[in-house]
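Notes for the one structure printed next.
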Amino acid sequence: MKKAIIDSLKKYKWKILLQIIFIGINIYLLTYPAKIIGNIVDMLYNINENKQEILNNTYYLIGICIVLLIIRVIWKYFETYINRAVERDLKTNLFERFLKLKLKDIQNIKNGEIMSYFVKDIMEIRNIVYRILSHGVRIVFTFVIAVYQMIQGVNLSLTIAVMGPILIGCYLVIKIKKYVEISFKKSQERFTEMSEYIQESTDSIRTTKAYSCEGEQLKEFIRKNRKVRQSNNTVDVYSNLLTMCLNICFGICYSISLLYGSKLVIDGVITVGELVTFNGYVGLFVNPVNWIPGLISRFKRAQIAYKRLDKIYELETEKINSKSNINKEKLEGNITIQNLNFNYPGIIDKALENISIELNKGETLGIIGTIGSGKTTLMNLLTRLYSIPNGKILIDGKDINEIPIEVLRNNICYITQDNFLFSSSLKDNISLFKEDYKEDEIKESTKKAVVYEDIQKMPEGINTVIGERGGDLSGGQKQRVAISRAFLKESSILIFDDTFSALDNRTSEKLIENIQDLSDKKTCIIISNKVSDVKYSDKIIVLDNGNIVEKGTHEELINNNGIYSEFYNQQSTKAEPSILA
Ligand SMILES: Nc1ncnc2c1ncn2[C@@H]1O[C@H](COP(=O)(O)OP(=O)(O)OP(=O)(O)O)[C@@H](O)[C@H]1O
Ligand SMILES: [Mg+2]
């Protein structure tokens with residue numbers, strides 16, 4: 001995280017430097033109006049003699065105000081530019097990081113948390129960068145320049161007298177900030193809790209409606225929202241207390257200036273004009289001091305946000321090499337799995353046990369098995385979504401751990417069980433936003449995936465934008481749109497993980513026929529719970545509880561009279577008679 005922030009700041013170092021220089025000039029010029037007004041006040045004692053001089057000083061004052069305005073516009077431009085640019089860089093960097101995280105780590109992060117990283121935490125970091133570069137720098141310059149002018153231009157003892165209340169104010173800020181920090185942490189935790197709840201509720205809206213539990217959901221939301229409000233109130237109370245303390249100190253500061261300053265005027269140590277100038281200087285640095293509580297509480301918030309984000313940056317990432325020549329490397333598609341055992345991180349029970357499979361280029365493997373038997377897990381390992389020891393899975397005789405991850409994944413087209421669709425056009429969903437494909441190629445893939453006619457009926461055909469997660473498509477349409485990706489992507493290994501479950505037998509038969517047509521060139525793995533989906537495969541394995549319990553061709557397995565033939569018999573009685581062999 002630190003590196004991401006530093007890299008981003010380095011990119012704008014000249015703009016940052018210019019911003020600081022212009023703030024410095026701005027603060028320096030800000031001391032002039034107080035000085036000029038003080039001079040004018042002193043000249044008023046002899047108004048007739050000093051008429052021209054007073055007029056000149058007034059022009060001078062107007063001139064300074066115009067220059068101040070121009071300088072302010074310039075540094076505000078730099079401030080806004082840096083602010084937005086840093087935010088953009090940090091978000092891009094974090095998103096890139098997420099994409100490279102290992103699946104096991106991503107699964108441990110809740111959706112609400114992810115949103116709050118992007119929406120809240122990045123904002124906090126951006127905010128503190130902005131505040132340090134703007135408020136922080138102004139505080140430092142004001143203290144240095146205004147205090148110097150007070151001592152040099154007016155009086156040292158008066159300066160010391162007014163600095164006392166300000167330092168007391170600073171002390172109080174340090175004392176109270178601890179409570180701001182604690183209450184803010186609590187507020188952020190509750191906000192995340194509420195975000196997670198919103199996310200979960202939107203994800204489960206169909207179930208909520210089906211069971212008519214809107215009332216309960218709303219009640220729970222109100223409870224969580226109330227907790228957020230309560231903790232935000234506490235944060236506000238402490239923040240306001242801080243500001244109030246400073247305002248009181250500021251009031252005391254002005255009183256001392258007037259009382260002690262008047263005495264110095266009476267004693268003839270300073271003139272009335274100098275006292276006016278001095279009060280002008282006091283007014284100058286009281287404003288930046290008022291920013292200190294905000295700066296401190298923002299700093300604390302940013303610290304918490306930084307720690308949260310840093311946890312993401314501490315996670316190991318996949319080593320993805322983006323060199324284009326590596327990406328183009330082709331694999332033949334011969335797969336060897338030997339004595340593979342696997343258990344998910346932190347879980348003792350094995351998800352896969354002693355798995356051995358030999359699959360040659362152009363062959364089709366059917367995998368059938370009970371729910372939770374390890375079918376998806378096996379595919380997750382083949383695509384290296386989880387780590388496995390060396391020598392367990394080989395492709396073209398090469399250990400998959402030695403094949404660069406991007407080469408491996410470019411050569412495998414994995415149609416996952418969840419058929420995730422983006423809320424974008426069907427074309428983007430099939431091409432997965434890659435622009436290398438021609439319209440005709442995409443059209444052809446939809447024909448092979450038996451979804452072409454459905455797409456033609458949609459308002460804008462292939463350019464129809466679908467709802468979030470494909471909400472406005474039927475389950476079967478979603479599956480076939482996802483399957484189209486397999487017919488489009490130039491990959492040597494195709495995996496269909498339970499992607500025919502929502503299709504009727506006639507459609508899945510047609511699809512499997514089209515897949516078989518490809519299989520001379522490609523190695524296919526078809527995972528299904530239906531015998532009719534896998535029966536044409538060259539090899540079939542039956543998985544049960546992480547073990548291969550049967551292996552062979554359709555005919556061999558039927559003759560075995562094992563689980564496969566049991567599945568077959570159960571499904572034959574339910575299925576459409578014309579489709580079963
Ligand atoms: N990320 C995970 N962390 C821990 N355990 C997991 C994880 N994913 C799956 N499992 C467990 O591993 C076992 C195999 O799951 P897997 O998803 O591979 O089954 P499957 O055969 O694909 O099931 P289905 O037919 O329902 O798709 C199950 O017991 C499951 O609970
Ligand atoms: Mg599965």
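Chain labels A, B, ... are given in the sequence in which chains occur in the structure tokens; within each chain residues are numbered consecutively from 1, and ligands are likewise numbered from 1 in the order shown.
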Quiz item: Residues at most 9 Å from ligand 1, using only C-alpha atoms and all ligand atoms? Could they come as a VMD selection string?
Solution: chain A and resid 103 to 104 107 to 108 343 to 347 349 to 352 368 to 380 417 497 to 498 527 to 529 543 to 546
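With only C-alpha atoms taken into account, the protein and nucleic acid residues at most 9 Å from A:Tyr28 (excluding it and anything under 5 positions from it in its own chain) are Ile23, Phe141, Thr142, Ile145 and Ala146 of chain A.
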Let's have the selection written as a PDB file, in the first residue's frame, with N, CA, C and O atoms.
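Produced file again_4.pdb, reproduced below:
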```pdb
ATOM      1  N   ILE A  23       1.336  27.966  -2.297  1.00  0.00           N
ATOM      2  CA  ILE A  23       0.720  28.152  -0.971  1.00  0.00           C
ATOM      3  C   ILE A  23       1.612  29.078  -0.138  1.00  0.00           C
ATOM      4  O   ILE A  23       1.134  29.991   0.543  1.00  0.00           O
ATOM      5  N   PHE A 141       3.129  26.869   7.073  1.00  0.00           N
ATOM      6  CA  PHE A 141       3.532  28.175   6.546  1.00  0.00           C
ATOM      7  C   PHE A 141       2.971  29.315   7.393  1.00  0.00           C
ATOM      8  O   PHE A 141       3.657  30.297   7.669  1.00  0.00           O
ATOM      9  N   THR A 142       1.707  29.177   7.804  1.00  0.00           N
ATOM     10  CA  THR A 142       1.087  30.259   8.572  1.00  0.00           C
ATOM     11  C   THR A 142       1.815  30.435   9.902  1.00  0.00           C
ATOM     12  O   THR A 142       2.119  31.553  10.301  1.00  0.00           O
ATOM     13  N   ILE A 145       5.389  31.950   9.037  1.00  0.00           N
ATOM     14  CA  ILE A 145       5.381  33.318   8.491  1.00  0.00           C
ATOM     15  C   ILE A 145       4.689  34.310   9.435  1.00  0.00           C
ATOM     16  O   ILE A 145       5.232  35.377   9.746  1.00  0.00           O
ATOM     17  N   ALA A 146       3.490  33.917   9.932  1.00  0.00           N
ATOM     18  CA  ALA A 146       2.743  34.863  10.778  1.00  0.00           C
ATOM     19  C   ALA A 146       3.477  35.121  12.095  1.00  0.00           C
ATOM     20  O   ALA A 146       3.575  36.277  12.533  1.00  0.00           O
TER      21      ALA A 146
END
```
Quiz item: Out of A:Ile106, A:Leu432, A:Val450, A:Ile415, which residue has the shortest atom-to-atom distance to ligand 2 when counting only C-alpha atoms and all ligand atoms?
Solution: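 Distance minimum relative to ligand 2 lands on A:Ile415.
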Practice problem: Quote the spacing between atom CA of A:Asp267 and atom CA of A:Leu61 in Å to one decimal place. | Solution: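 Interatomic distance here is 29.7 Å.
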Self-check item: Of the listed residues A:Glu49, A:Glu87, A:Asp121, A:Asp418, that which approaches ligand 2 most closely, counting only C-alpha atoms and all ligand atoms
Solution: A:Asp418
Self-check item: Of the listed residues A:Asn26, A:Thr499, A:Ser508, A:Thr446, that which approaches ligand 2 most closely, counting only C-alpha atoms and all ligand atoms
Solution: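 Result for the nearest residue to ligand 2: A:Thr499.
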Exercise. Mind the document's chain letters and residue numbers, and return as a list in words the residues of stretch 349-487 of chain A that DSSP labels strand (DSSP E or B).
Key: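 Selecting the strand (DSSP E or B) positions of stretch 349-487 of chain A gives Leu352, Glu353, Asn354, Ile355, Ser356, Ile357, Glu358, Leu359, Thr364, Leu365, Gly366, Ile367, Ile368, Gly369, Ile393, Leu394, Ile395, Lys398, Asp399, Ile412, Cys413, Tyr414, Ile415, Ser425 and Val465 of chain A.
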With the cut-off set at 7 Å and counting only C-alpha atoms, tabulate each residue of stretch 128-152 of chain A with an atom at most that distance from an atom of stretch 286-300 of chain A, showing the nearest atom pair and its distance in Å to one decimal, ordered by chain and increasing number, as CSV.
```
residue,atom,partner,partner_atom,distance
A:Ile128,CA,A:Phe299,CA,6.0
A:Arg131,CA,A:Leu295,CA,6.6
A:His135,CA,A:Trp291,CA,6.9
A:Arg138,CA,A:Pro288,CA,6.7
A:Ile139,CA,A:Pro288,CA,5.1
```
Using only C-alpha atoms, find each residue in stretch 424-506 of chain A having at least one atom no more than 10 Å away from stretch 357-366 of chain A; report its shortest atom-to-atom pair and that distance in Å (one decimal), rows by chain then rising number, as JSON lines.
```
{"residue": "A:Ser492", "atom": "CA", "partner": "A:Lys361", "partner_atom": "CA", "distance": 8.1}
{"residue": "A:Ile493", "atom": "CA", "partner": "A:Lys361", "partner_atom": "CA", "distance": 8.4}
{"residue": "A:Leu494", "atom": "CA", "partner": "A:Thr364", "partner_atom": "CA", "distance": 9.2}
{"residue": "A:Ile495", "atom": "CA", "partner": "A:Leu365", "partner_atom": "CA", "distance": 9.4}
{"residue": "A:Phe496", "atom": "CA", "partner": "A:Gly366", "partner_atom": "CA", "distance": 9.7}
```
